[in-house]
file protein.txt (compact mmCIF, C-alpha atoms)
# COMPACT_ATOMS: atom_id res chain seq x y z
CA MET A 16 -9.85 36.20 103.36
CA ASN A 17 -12.49 38.23 105.17
CA PHE A 18 -12.01 41.67 103.63
CA ILE A 19 -14.37 43.39 106.06
CA GLU A 20 -12.74 41.91 109.18
CA GLY A 21 -9.29 42.59 107.78
CA GLY A 22 -6.56 41.13 105.62
CA TYR A 23 -3.64 41.95 103.35
CA ILE A 24 -3.50 42.30 99.58
CA TYR A 25 -0.16 42.44 97.79
CA ILE A 26 -0.25 44.41 94.53
CA ASN A 27 2.43 45.04 91.91
CA LYS A 28 1.71 48.74 91.40
CA PRO A 29 1.51 49.72 87.73
CA TYR A 30 3.83 52.28 86.15
CA ARG A 31 2.54 55.88 86.06
CA MET A 32 -0.16 55.25 88.67
CA THR A 33 -0.17 56.79 92.13
CA SER A 34 -0.27 54.50 95.14
CA PHE A 35 -3.65 55.99 96.08
CA GLY A 36 -4.89 55.36 92.54
CA ALA A 37 -3.89 51.69 92.82
CA LEU A 38 -5.61 51.44 96.20
CA ALA A 39 -8.76 53.14 94.86
CA HIS A 40 -8.96 50.68 91.95
CA ILE A 41 -8.60 47.60 94.14
CA ARG A 42 -11.02 49.00 96.73
CA TYR A 43 -13.60 49.64 93.99
CA VAL A 44 -13.27 46.07 92.63
CA VAL A 45 -13.54 44.51 96.10
CA SER A 46 -16.42 46.74 97.22
CA LYS A 47 -18.39 46.06 94.04
CA ARG A 48 -17.88 42.30 94.30
CA LEU A 49 -18.90 42.27 97.99
CA HIS A 50 -21.91 44.50 97.25
CA VAL A 51 -20.89 47.04 99.88
CA LYS A 52 -20.51 50.78 99.52
CA ARG A 53 -16.85 51.02 100.49
CA VAL A 54 -14.46 48.50 102.04
CA LYS A 55 -12.07 50.10 104.52
CA MET A 56 -8.59 50.01 102.96
CA GLY A 57 -5.20 51.69 103.27
CA HIS A 58 -1.68 51.17 101.97
CA ALA A 59 1.59 50.71 103.86
CA GLY A 60 4.16 52.90 102.14
CA THR A 61 3.77 55.19 99.13
CA LEU A 62 5.44 54.44 95.81
CA ASP A 63 6.16 57.22 93.30
CA PRO A 64 3.93 57.20 90.18
CA LEU A 65 6.94 56.27 87.98
CA ALA A 66 7.86 53.36 90.28
CA THR A 67 6.45 49.85 90.16
CA GLY A 68 6.47 46.97 92.60
CA VAL A 69 5.29 45.85 96.00
CA LEU A 70 2.35 47.80 97.42
CA VAL A 71 0.87 46.31 100.59
CA LEU A 72 -2.84 47.04 100.96
CA CYS A 73 -4.56 46.52 104.32
CA THR A 74 -8.31 46.02 104.67
CA GLY A 75 -10.69 46.29 107.62
CA LYS A 76 -9.06 45.97 111.04
CA ALA A 77 -5.69 45.25 109.40
CA THR A 78 -5.44 48.98 108.60
CA LYS A 79 -4.38 49.39 112.25
CA GLN A 80 -1.12 47.63 111.29
CA ILE A 81 -0.14 50.20 108.63
CA GLU A 82 2.21 52.19 110.85
CA LYS A 83 3.98 48.99 111.95
CA LEU A 84 4.25 47.71 108.37
CA GLN A 85 5.83 50.99 107.24
CA LEU A 86 8.78 50.27 109.53
CA HIS A 87 9.64 47.08 107.63
CA THR A 88 12.85 46.94 105.59
CA LYS A 89 12.37 47.53 101.87
CA GLU A 90 14.35 46.45 98.82
CA TYR A 91 14.50 48.27 95.49
CA THR A 92 16.09 47.87 92.10
CA ALA A 93 16.87 51.12 90.29
CA THR A 94 18.48 52.33 87.09
CA LEU A 95 20.33 55.66 87.09
CA GLN A 96 21.26 57.84 84.16
CA LEU A 97 24.57 59.51 84.93
CA GLY A 98 25.59 62.90 83.54
CA ALA A 99 22.34 64.79 84.00
CA THR A 100 19.75 65.85 86.56
CA THR A 101 16.04 66.64 86.59
CA PRO A 102 14.09 68.74 89.13
CA SER A 103 12.27 65.64 90.41
CA TYR A 104 15.36 63.36 90.25
CA ASP A 105 13.44 61.02 87.91
CA MET A 106 11.78 61.17 84.47
CA GLU A 107 8.68 63.04 85.66
CA HIS A 108 10.51 66.22 84.61
CA ASP A 109 12.88 67.01 81.76
CA VAL A 110 16.64 67.26 82.16
CA ASP A 111 17.62 70.66 83.58
CA LYS A 112 21.41 70.28 83.78
CA THR A 113 24.10 68.09 82.22
CA TYR A 114 27.48 67.13 83.66
CA PRO A 115 30.71 65.48 82.48
CA THR A 116 30.95 61.69 82.77
CA VAL A 117 34.21 60.87 80.97
CA HIS A 118 35.95 60.38 84.32
CA ILE A 119 33.43 57.84 85.69
CA THR A 120 34.56 54.21 85.80
CA ARG A 121 33.12 51.03 87.23
CA GLU A 122 35.91 51.02 89.80
CA GLN A 123 35.00 54.55 90.93
CA ILE A 124 31.36 53.56 91.32
CA LEU A 125 32.28 50.47 93.35
CA ALA A 126 34.49 52.60 95.59
CA THR A 127 31.77 55.26 96.05
CA LEU A 128 28.66 53.19 96.84
CA PRO A 129 29.81 51.92 100.28
CA SER A 130 29.83 55.52 101.57
CA PHE A 131 26.02 55.44 101.44
CA VAL A 132 25.66 52.31 103.59
CA GLY A 133 24.66 52.73 107.24
CA ASP A 134 23.09 55.70 109.03
CA ILE A 135 23.23 58.74 106.75
CA MET A 136 21.46 62.08 106.31
CA GLN A 137 19.35 62.59 103.20
CA VAL A 138 17.47 65.61 101.83
CA PRO A 139 14.08 64.54 100.40
CA PRO A 140 13.12 65.58 96.85
CA VAL A 141 11.26 68.88 96.55
CA PHE A 142 8.75 66.99 94.39
CA SER A 143 7.64 64.79 97.28
CA ALA A 144 4.76 64.55 99.74
CA CYS A 145 6.83 66.01 102.60
CA MET A 146 4.95 68.68 104.54
CA VAL A 147 6.19 72.29 104.51
CA ALA A 148 4.23 74.59 106.83
CA GLY A 149 1.03 72.65 106.18
CA ASP A 150 1.48 72.21 102.42
CA ARG A 151 2.87 69.31 100.41
CA ALA A 152 6.31 70.08 99.05
CA TYR A 153 5.35 69.01 95.51
CA GLU A 154 2.36 71.38 95.51
CA LEU A 155 4.63 74.33 96.34
CA ALA A 156 7.26 73.20 93.81
CA ARG A 157 4.67 72.92 91.04
CA LYS A 158 3.64 76.52 91.75
CA GLY A 159 7.25 77.55 91.20
CA GLN A 160 7.87 78.37 94.85
CA GLU A 161 11.24 77.79 96.49
CA VAL A 162 11.12 74.71 98.70
CA ALA A 163 13.81 74.10 101.33
CA LEU A 164 13.67 70.67 102.95
CA ALA A 165 15.86 69.68 105.87
CA ALA A 166 18.04 66.56 105.76
CA LYS A 167 16.59 63.57 107.59
CA PRO A 168 18.31 60.53 109.09
CA ILE A 169 17.83 57.31 107.13
CA HIS A 170 19.41 53.86 107.20
CA ILE A 171 20.68 51.91 104.21
CA ASP A 172 21.57 48.25 104.80
CA GLU A 173 22.97 47.36 101.38
CA ILE A 174 23.80 48.87 98.00
CA GLU A 175 24.91 46.57 95.22
CA LEU A 176 25.97 47.60 91.71
CA THR A 177 24.20 45.16 89.38
CA ALA A 178 25.11 46.72 86.01
CA PHE A 179 27.12 49.56 84.48
CA ASP A 180 27.29 50.57 80.82
CA PRO A 181 30.20 53.00 80.18
CA VAL A 182 28.76 53.87 76.74
CA THR A 183 25.27 54.96 77.81
CA MET A 184 26.47 55.91 81.31
CA GLN A 185 23.62 54.01 82.90
CA MET A 186 24.07 52.04 86.11
CA SER A 187 21.71 49.73 87.98
CA ILE A 188 21.69 49.12 91.70
CA ARG A 189 19.91 47.02 94.32
CA VAL A 190 19.19 48.85 97.56
CA VAL A 191 18.00 47.49 100.92
CA CYS A 192 16.91 50.31 103.21
CA GLY A 193 14.72 51.50 106.06
CA LYS A 194 11.70 53.78 106.36
CA GLY A 195 11.84 57.26 104.83
CA THR A 196 14.52 56.54 102.21
CA TYR A 197 14.01 58.26 98.85
CA ILE A 198 15.75 56.33 96.09
CA ARG A 199 15.41 59.42 93.89
CA SER A 200 17.45 61.41 96.40
CA LEU A 201 19.94 58.55 96.61
CA ALA A 202 20.36 58.76 92.82
CA ARG A 203 21.00 62.50 93.07
CA ASP A 204 23.56 62.00 95.85
CA ILE A 205 25.36 59.18 94.02
CA GLY A 206 25.66 61.42 90.97
CA GLU A 207 27.17 64.20 93.09
CA ALA A 208 29.56 61.79 94.81
CA LEU A 209 30.78 60.68 91.37
CA GLY A 210 31.50 64.30 90.41
CA SER A 211 28.59 64.38 88.00
CA GLY A 212 24.79 64.22 88.12
CA ALA A 213 22.23 61.42 88.05
CA TYR A 214 18.51 60.77 87.91
CA LEU A 215 16.31 57.66 87.99
CA THR A 216 15.10 56.10 84.77
CA ALA A 217 13.51 53.05 86.45
CA LEU A 218 12.54 52.06 89.99
CA CYS A 219 10.93 48.90 91.34
CA ARG A 220 10.23 48.01 94.95
CA THR A 221 10.99 44.31 95.07
CA ARG A 222 10.36 43.62 98.75
CA VAL A 223 8.59 45.00 101.83
CA GLY A 224 9.48 42.96 104.91
CA ASP A 225 8.90 39.34 103.88
CA VAL A 226 6.60 40.26 100.98
CA ARG A 227 8.39 39.90 97.64
CA ILE A 228 7.33 41.05 94.21
CA GLU A 229 6.78 37.39 93.27
CA ASP A 230 3.99 37.35 95.89
CA CYS A 231 2.20 40.31 94.31
CA LEU A 232 -0.77 40.40 91.97
CA THR A 233 -1.13 42.54 88.86
CA PHE A 234 -4.41 44.34 88.17
CA ASP A 235 -5.18 41.73 85.50
CA GLU A 236 -4.64 38.86 87.96
CA PHE A 237 -6.57 40.40 90.81
CA PRO A 238 -10.21 39.62 89.80
CA ALA A 239 -9.52 35.87 89.52
CA TRP A 240 -7.64 35.91 92.83
CA LEU A 241 -10.55 37.74 94.46
CA GLU A 242 -13.03 35.14 93.22
CA GLN A 243 -10.78 32.40 94.58
CA GLN A 244 -10.71 34.07 98.01
CA LEU A 245 -14.48 34.43 98.10
CA ASP A 246 -15.03 30.86 96.89
CA SER A 247 -12.82 29.51 99.68
CA GLU A 248 -14.90 31.47 102.22
CA SER A 249 -18.20 29.99 101.09

call {"tool": "encode", "arguments": {"input": "protein.txt", "output": "structure tokens"}}
result
Amino acid sequence: MNFIEGGYIYINKPYRMTSFGALAHIRYVVSKRLHVKRVKMGHAGTLDPLATGVLVLCTGKATKQIEKLQLHTKEYTATLQLGATTPSYDMEHDVDKTYPTVHITREQILATLPSFVGDIMQVPPVFSACMVAGDRAYELARKGQEVALAAKPIHIDEIELTAFDPVTMQMSIRVVCGKGTYIRSLARDIGEALGSGAYLTALCRTRVGDVRIEDCLTFDEFPAWLEQQLDSES
């Protein structure tokens, strides 16, 4: 791979790291190894800090493909805690409200999930990078300001229930969706549709287009892979 001319790097983003932080780390390692000040690099689709999984990095001239790559279908696996909500719809914030769950059954969940398949409207999380009058929504929310975000059209291809524990009231799903879908918001909306609340306890992006998590490198694997790429060039 010629990193200066342009190529693609597939990273399994670590938990509790921002997508930019992951990019910055990989860019530093590549730039240092190539003895250049700064390799041009960007990523195709942000992952939340508490999410893991496929992060496509583009280098050099390949950064021109970022907008196109962001349109690719994505697949996620997620675990939801029913019966409670948090301000961020995940574990970044503490539980702010609790709700009854005694009425929730596996059958009810299976009957509810199909209502989210297809073209739907979704309100993004207030703790997100959406722009509000020139400011990031999460910056305003962290200052305690009221943030009102408009619903946006999204497309969900598939939702599959992969597990449900009626004791802990945790459920796991697999979601195939298009650009702009917030799985955190989906968790919130599923909780509401079940007459309760819900927030994410785990999220992994398992596919972007044809790139699967099995194709991705961890930070620990990356240096050896980089050496292999450079050896094959020489």

call {"tool": "residues_around", "arguments": {"input": "protein.txt", "residues": "Cys73 (chain A)", "least_positions_apart": "6", "cutoff": "8 Å", "atoms": "all atoms listed in the file", "output": "PyMOL selection string"}}
result
chain A and resi 21-24+56-59+80-81

call {"tool": "residues_around", "arguments": {"input": "protein.txt", "residues": "Thr67 (chain A)", "least_positions_apart": "2", "cutoff": "9 Å", "atoms": "all atoms listed in the file", "output": "list in words"}}
result
Asn27, Lys28, Pro29, Tyr30, Arg31, Met32, Leu62, Asp63, Pro64, Leu65, Val69, Leu70, Ala217, Leu218, Cys219, Arg220 and Thr221 of chain A

call {"tool": "closest_residue", "arguments": {"input": "protein.txt", "among": "A:Met16, A:Leu72, A:Leu164, A:Ala37", "to": "Asp246 (chain A)", "atoms": "all atoms listed in the file"}}
result
A:Met16

call {"tool": "atom_distance", "arguments": {"input": "protein.txt", "atom1": "CA of Leu201 (chain A)", "atom2": "CA of Tyr91 (chain A)"}}
result
11.7 Å

call {"tool": "axis_aligned_box", "arguments": {"input": "protein.txt", "around": "region 117-133 of chain A", "padding_each_side": "5 Å", "output": "JSON"}}
result
{"center_x": 30.3, "center_y": 55.7, "center_z": 94.1, "size_x": 21.3, "size_y": 20.4, "size_z": 36.3}

call {"tool": "closest_residue", "arguments": {"input": "protein.txt", "among": "A:Tyr104, A:Ile26, A:Glu20, A:Leu209", "to": "Lys79 (chain A)", "atoms": "only C-alpha atoms"}}
result
A:Glu20

call {"tool": "residues_around", "arguments": {"input": "protein.txt", "residues": "Asp105 (chain A)", "least_positions_apart": "2", "cutoff": "12 Å", "atoms": "all atoms listed in the file", "output": "PyMOL selection string"}}
result
chain A and resi 63-66+93-97+99-103+107-111+140-143+197-203+212-218

call {"tool": "closest_residue", "arguments": {"input": "protein.txt", "among": "A:His50, A:His118, A:Lys167, A:Lys158", "to": "Ser211 (chain A)", "atoms": "only C-alpha atoms"}}
result
A:His118

call {"tool": "residues_around", "arguments": {"input": "protein.txt", "residues": "Gln85 (chain A)", "least_positions_apart": "6", "cutoff": "10 Å", "atoms": "only C-alpha atoms", "output": "list in words"}}
result
His58, Ala59, Gly60, Thr61, Val71, Gly193, Lys194, Gly195, Val223 and Gly224 of chain A

call {"tool": "write_last_selection", "arguments": {"input": "protein.txt", "atoms": "C-alpha atoms", "output": "tab-separated table (two decimals), in the coordinates of the input"}}
result
chain	number	residue	atom	x	y	z
A	58	HIS	CA	-1.68	51.17	101.97
A	59	ALA	CA	1.59	50.71	103.86
A	60	GLY	CA	4.16	52.90	102.14
A	61	THR	CA	3.77	55.19	99.13
A	71	VAL	CA	0.87	46.31	100.59
A	193	GLY	CA	14.72	51.50	106.06
A	194	LYS	CA	11.70	53.78	106.36
A	195	GLY	CA	11.84	57.26	104.83
A	223	VAL	CA	8.59	45.00	101.83
A	224	GLY	CA	9.48	42.96	104.91

call {"tool": "atom_distance", "arguments": {"input": "protein.txt", "atom1": "CA of Ser130 (chain A)", "atom2": "CA of Thr196 (chain A)"}}
result
15.4 Å

call {"tool": "atom_distance", "arguments": {"input": "protein.txt", "atom1": "CA of Lys76 (chain A)", "atom2": "CA of Phe234 (chain A)"}}
result
23.4 Å

call {"tool": "closest_residue", "arguments": {"input": "protein.txt", "among": "A:Asn17, A:Met184, A:Leu128, A:Val45", "to": "Ala239 (chain A)", "atoms": "all atoms listed in the file"}}
result
A:Val45

call {"tool": "closest_residue", "arguments": {"input": "protein.txt", "among": "A:Glu236, A:Glu154, A:Glu173, A:Asp134", "to": "Cys192 (chain A)", "atoms": "all atoms listed in the file"}}
result
A:Glu173

call {"tool": "closest_residue", "arguments": {"input": "protein.txt", "among": "A:Gly210, A:Val54, A:Ile174, A:Gln137", "to": "Tyr114 (chain A)", "atoms": "only C-alpha atoms"}}
result
A:Gly210

call {"tool": "residues_around", "arguments": {"input": "protein.txt", "residues": "Pro181 (chain A)", "least_positions_apart": "3", "cutoff": "10 Å", "atoms": "only C-alpha atoms", "output": "CSV table (one decimal) with C-alpha atoms, keeping the file's coordinate frame"}}
result
chain,number,residue,atom,x,y,z
A,97,LEU,CA,24.6,59.5,84.9
A,116,THR,CA,31.0,61.7,82.8
A,117,VAL,CA,34.2,60.9,81.0
A,119,ILE,CA,33.4,57.8,85.7
A,120,THR,CA,34.6,54.2,85.8
A,121,ARG,CA,33.1,51.0,87.2
A,178,ALA,CA,25.1,46.7,86.0
A,184,MET,CA,26.5,55.9,81.3
A,185,GLN,CA,23.6,54.0,82.9
A,186,MET,CA,24.1,52.0,86.1

call {"tool": "build_atoms", "arguments": {"input": "protein.txt", "residues": "region 72-102 of chain A", "atoms": "N, CA and C atoms", "output": "compact mmCIF listing (two decimals), in the frame of the given file"}}
result
# COMPACT_ATOMS: atom_id res chain seq x y z
N LEU A 72 -1.55 46.45 100.62
CA LEU A 72 -2.84 47.04 100.96
C LEU A 72 -3.41 46.31 102.18
N CYS A 73 -3.96 47.07 103.10
CA CYS A 73 -4.56 46.52 104.32
C CYS A 73 -6.06 46.81 104.29
N THR A 74 -6.87 45.82 104.65
CA THR A 74 -8.31 46.02 104.67
C THR A 74 -8.85 45.85 106.09
N GLY A 75 -10.01 46.46 106.33
CA GLY A 75 -10.69 46.29 107.62
C GLY A 75 -9.80 46.63 108.80
N LYS A 76 -9.83 45.74 109.81
CA LYS A 76 -9.06 45.97 111.04
C LYS A 76 -7.55 45.92 110.82
N ALA A 77 -7.13 45.34 109.70
CA ALA A 77 -5.69 45.25 109.40
C ALA A 77 -5.09 46.63 109.12
N THR A 78 -5.96 47.62 108.85
CA THR A 78 -5.44 48.98 108.60
C THR A 78 -4.75 49.53 109.85
N LYS A 79 -5.05 48.96 111.02
CA LYS A 79 -4.38 49.39 112.25
C LYS A 79 -2.90 49.01 112.27
N GLN A 80 -2.51 48.10 111.36
CA GLN A 80 -1.12 47.63 111.29
C GLN A 80 -0.26 48.45 110.33
N ILE A 81 -0.86 49.45 109.66
CA ILE A 81 -0.14 50.20 108.63
C ILE A 81 1.14 50.84 109.16
N GLU A 82 1.04 51.51 110.30
CA GLU A 82 2.21 52.19 110.85
C GLU A 82 3.34 51.19 111.14
N LYS A 83 2.99 50.03 111.66
CA LYS A 83 3.98 48.99 111.95
C LYS A 83 4.60 48.46 110.66
N LEU A 84 3.76 48.24 109.65
CA LEU A 84 4.25 47.71 108.37
C LEU A 84 5.21 48.69 107.69
N GLN A 85 4.98 49.99 107.88
CA GLN A 85 5.83 50.99 107.24
C GLN A 85 7.25 50.97 107.78
N LEU A 86 7.45 50.36 108.93
CA LEU A 86 8.78 50.27 109.53
C LEU A 86 9.60 49.11 108.95
N HIS A 87 8.95 48.24 108.18
CA HIS A 87 9.64 47.08 107.63
C HIS A 87 10.73 47.50 106.62
N THR A 88 11.77 46.71 106.56
CA THR A 88 12.85 46.94 105.59
C THR A 88 12.31 46.76 104.17
N LYS A 89 12.81 47.59 103.27
CA LYS A 89 12.37 47.53 101.87
C LYS A 89 13.57 47.31 100.96
N GLU A 90 13.30 46.68 99.82
CA GLU A 90 14.35 46.45 98.82
C GLU A 90 13.89 47.02 97.48
N TYR A 91 14.81 47.67 96.79
CA TYR A 91 14.50 48.27 95.49
C TYR A 91 15.55 47.89 94.46
N THR A 92 15.14 47.87 93.20
CA THR A 92 16.09 47.87 92.10
C THR A 92 15.88 49.18 91.33
N ALA A 93 16.98 49.80 90.93
CA ALA A 93 16.87 51.12 90.29
C ALA A 93 17.91 51.24 89.18
N THR A 94 17.55 52.00 88.16
CA THR A 94 18.48 52.33 87.09
C THR A 94 18.68 53.84 87.08
N LEU A 95 19.95 54.25 87.06
CA LEU A 95 20.33 55.66 87.09
C LEU A 95 20.96 56.07 85.78
N GLN A 96 20.59 57.23 85.29
CA GLN A 96 21.26 57.84 84.16
C GLN A 96 22.26 58.85 84.71
N LEU A 97 23.54 58.59 84.47
CA LEU A 97 24.57 59.51 84.93
C LEU A 97 24.77 60.65 83.94
N GLY A 98 25.26 61.79 84.43
CA GLY A 98 25.59 62.90 83.54
C GLY A 98 24.52 63.95 83.37
N ALA A 99 23.42 63.81 84.12
CA ALA A 99 22.34 64.79 84.00
C ALA A 99 21.47 64.75 85.25
N THR A 100 20.71 65.81 85.46
CA THR A 100 19.75 65.85 86.56
C THR A 100 18.41 66.36 86.06
N THR A 101 17.36 66.07 86.83
CA THR A 101 16.04 66.64 86.59
C THR A 101 15.54 67.21 87.91
N PRO A 102 14.58 68.14 87.89
CA PRO A 102 14.09 68.74 89.13
C PRO A 102 13.49 67.73 90.10
